[in-house]
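First comes the structure, then the notes that go with it.
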Amino acid sequence: MKRSNLRRIAGAGTILAAVGALVTGGALEASAAASGTVKTAGDPLNVRRAPTASATAVKTVANGAAVTIDCQVNGSSVTGTYGTSTLWDYVPALGGYISDTYVFTNSDTRVAPDCGVGSGSGQCADACAGEGQYRSSDSHFLVYDTNADGYSAVVAYWLKGGAGPFYVWNSGGEGTKVDKAVTVPHGGWVFYKVCVANYTTAKPDLKSCSDGITDFAA
């Protein structure tokens, strides 16, 4: 299976441009989901909250299970049944991402569109402790702190037109979760990054931020 280099809608330094483009250009073009089959050496495959091998495993999926791939995105490099790749598959029914190196499809090219809209979840870079997820059904951010690294987990987010950044903090320490409602108009866009920082009521010094993720309020 061939692998292509994909990316999120925007990276550091292009936040306002990305939000502006979404406002004027509308949603990404929809594409059909793809089917695949999990192929491991026999063990169950971990489903990760974010497309990195160090992200929390939210569940497992059995070898031989059929999966429906909603979208694909670049994450951490993994070596699996079908070689080494940074491509990850988002499977909504499993609530997370699986490495594409363990998924058989009937194509030698990528089989699903770029992730970004409707699949929002991420982990801060450099294997740090912050993980975040936007729940579009009721416009909540869930912010997780997965280990003791001396920083608070934080989601920085921007709204339609570039308003922001606003912050959702988890300063509760290792193993905790914050579930906070945020005001996003029905059908409105939210663009966010998952980072760590020292908690402050002023503008924080964000560290190890994930790539930008775009989602919307259902």
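All residue names refer to the structure tokens as shown: chains lettered A, B, ... in order, residues numbered from 1 in each chain, ligands numbered from 1 in order.
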- Leaving out Ile98 (chain A) and any residue of its chain fewer than 5 positions from it, which residues lie within 12 Å of it when counting only C-alpha atoms, given as a ChimeraX atom specification? /A:36-40,44-53,55-62,67-78,80,85-93,103-104
Proximity of region 117-183 of chain A to region 202-215 of chain A: per-residue shortest pair, 12 Å limit, only C-alpha atoms, as a Markdown table:
```
| residue | atom | partner | partner_atom | distance |
| --- | --- | --- | --- | --- |
| A:Val117 | CA | A:Asp215 | CA | 4.6 |
| A:Gly118 | CA | A:Asp215 | CA | 5.3 |
| A:Ser119 | CA | A:Asp215 | CA | 7.1 |
| A:Gly120 | CA | A:Asp215 | CA | 5.9 |
| A:Ser121 | CA | A:Ile213 | CA | 7.6 |
| A:Gly122 | CA | A:Ser210 | CA | 6.7 |
| A:Gln123 | CA | A:Ser210 | CA | 6.0 |
| A:Cys124 | CA | A:Ser210 | CA | 4.5 |
| A:Ala125 | CA | A:Ser208 | CA | 4.8 |
| A:Asp126 | CA | A:Ser208 | CA | 6.3 |
| A:Ala127 | CA | A:Ser208 | CA | 8.6 |
| A:Cys128 | CA | A:Ser208 | CA | 7.3 |
| A:Ala129 | CA | A:Ser208 | CA | 9.8 |
| A:Gly130 | CA | A:Cys209 | CA | 9.1 |
| A:Glu131 | CA | A:Ser210 | CA | 9.3 |
| A:Gly132 | CA | A:Ser210 | CA | 9.8 |
| A:Gln133 | CA | A:Ile213 | CA | 9.8 |
| A:Tyr134 | CA | A:Asp215 | CA | 7.4 |
| A:Arg135 | CA | A:Asp215 | CA | 9.0 |
| A:Ser136 | CA | A:Asp215 | CA | 7.3 |
| A:Ser137 | CA | A:Asp215 | CA | 11.0 |
| A:Ser139 | CA | A:Asp215 | CA | 10.0 |
| A:His140 | CA | A:Asp215 | CA | 11.6 |
| A:Phe141 | CA | A:Asp215 | CA | 11.3 |
| A:Gly150 | CA | A:Lys207 | CA | 12.0 |
| A:Tyr151 | CA | A:Lys207 | CA | 9.3 |
| A:Ser152 | CA | A:Leu206 | CA | 10.1 |
| A:Ala153 | CA | A:Leu206 | CA | 9.7 |
| A:Val154 | CA | A:Leu206 | CA | 8.4 |
| A:Val155 | CA | A:Cys209 | CA | 9.0 |
| A:Ala156 | CA | A:Leu206 | CA | 8.7 |
| A:Tyr157 | CA | A:Gly212 | CA | 9.2 |
| A:Trp158 | CA | A:Thr214 | CA | 9.5 |
| A:Leu159 | CA | A:Thr214 | CA | 9.9 |
| A:Lys160 | CA | A:Thr214 | CA | 10.8 |
| A:Gly164 | CA | A:Lys203 | CA | 11.0 |
| A:Pro165 | CA | A:Lys203 | CA | 9.0 |
| A:Phe166 | CA | A:Lys203 | CA | 9.4 |
| A:Tyr167 | CA | A:Pro204 | CA | 9.2 |
| A:Val168 | CA | A:Pro204 | CA | 11.6 |
| A:Trp169 | CA | A:Pro204 | CA | 10.7 |
```
If you keep C-alpha atoms, can you produce a file of those selected residues as a compact mmCIF listing (two decimals), in the first residue's frame?
```txt
# COMPACT_ATOMS: atom_id res chain seq x y z
CA VAL A 117 -13.49 18.50 9.92
CA GLY A 118 -15.66 16.46 12.25
CA SER A 119 -12.82 14.29 13.55
CA GLY A 120 -11.25 16.68 16.00
CA SER A 121 -8.87 15.21 18.54
CA GLY A 122 -5.17 15.67 19.06
CA GLN A 123 -2.13 15.29 21.26
CA CYS A 124 0.49 17.91 21.95
CA ALA A 125 3.80 17.35 20.18
CA ASP A 126 6.96 15.72 21.59
CA ALA A 127 5.04 13.00 23.48
CA CYS A 128 3.95 15.44 26.21
CA ALA A 129 0.96 15.01 28.51
CA GLY A 130 -1.80 17.02 26.86
CA GLU A 131 -4.61 15.49 24.82
CA GLY A 132 -7.72 17.31 23.64
CA GLN A 133 -10.97 16.58 21.86
CA TYR A 134 -13.80 18.76 20.57
CA ARG A 135 -17.25 17.22 20.94
CA SER A 136 -19.25 18.84 18.16
CA SER A 137 -22.63 17.46 19.25
CA SER A 139 -19.77 22.10 21.72
CA HIS A 140 -17.60 20.84 24.58
CA PHE A 141 -13.83 20.60 24.85
CA GLY A 150 5.23 19.71 35.23
CA TYR A 151 2.84 21.52 32.88
CA SER A 152 -0.91 21.94 32.57
CA ALA A 153 -2.66 20.64 29.46
CA VAL A 154 -4.40 23.40 27.52
CA VAL A 155 -6.45 23.80 24.36
CA ALA A 156 -6.07 27.13 22.55
CA TYR A 157 -8.93 27.84 20.15
CA TRP A 158 -10.13 30.44 17.66
CA LEU A 159 -13.61 31.11 16.28
CA LYS A 160 -15.08 32.22 12.96
CA GLY A 164 -9.30 34.33 19.96
CA PRO A 165 -7.24 32.71 21.19
CA PHE A 166 -9.40 31.41 24.01
CA TYR A 167 -8.20 28.69 26.39
CA VAL A 168 -9.53 25.58 28.09
CA TRP A 169 -7.19 24.47 30.88
```
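Distance check against Thr183 (chain A) using only C-alpha atoms: of A:Ala34, A:Ala163, A:Val143, A:Ala65, the minimum falls on A:Ala163.
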- Give me every strand (DSSP E) residue in region 11-206 of chain A, going by DSSP on the backbone, as JSON, numbers by chain. {"A": [34, 35, 36, 37, 38, 45, 46, 47, 48, 57, 58, 59, 60, 61, 66, 67, 68, 69, 71, 72, 73, 74, 75, 76, 77, 78, 79, 80, 83, 84, 85, 86, 87, 88, 89, 90, 91, 96, 97, 98, 99, 103, 104, 121, 122, 123, 130, 131, 132, 133, 134, 135, 140, 141, 142, 143, 144, 145, 152, 153, 154, 155, 156, 157, 158, 159, 166, 167, 168, 169, 170, 176, 177, 178, 179, 180, 181, 189, 190, 191, 192, 193, 194, 195, 196, 197]}
- Message: Taking only region 96-201 of chain A into account, list the residues labelled helix (DSSP H, G or I) by DSSP (computed from the backbone), as an MDAnalysis selection string.
- Response: chainID A and resid 100:102 160:162
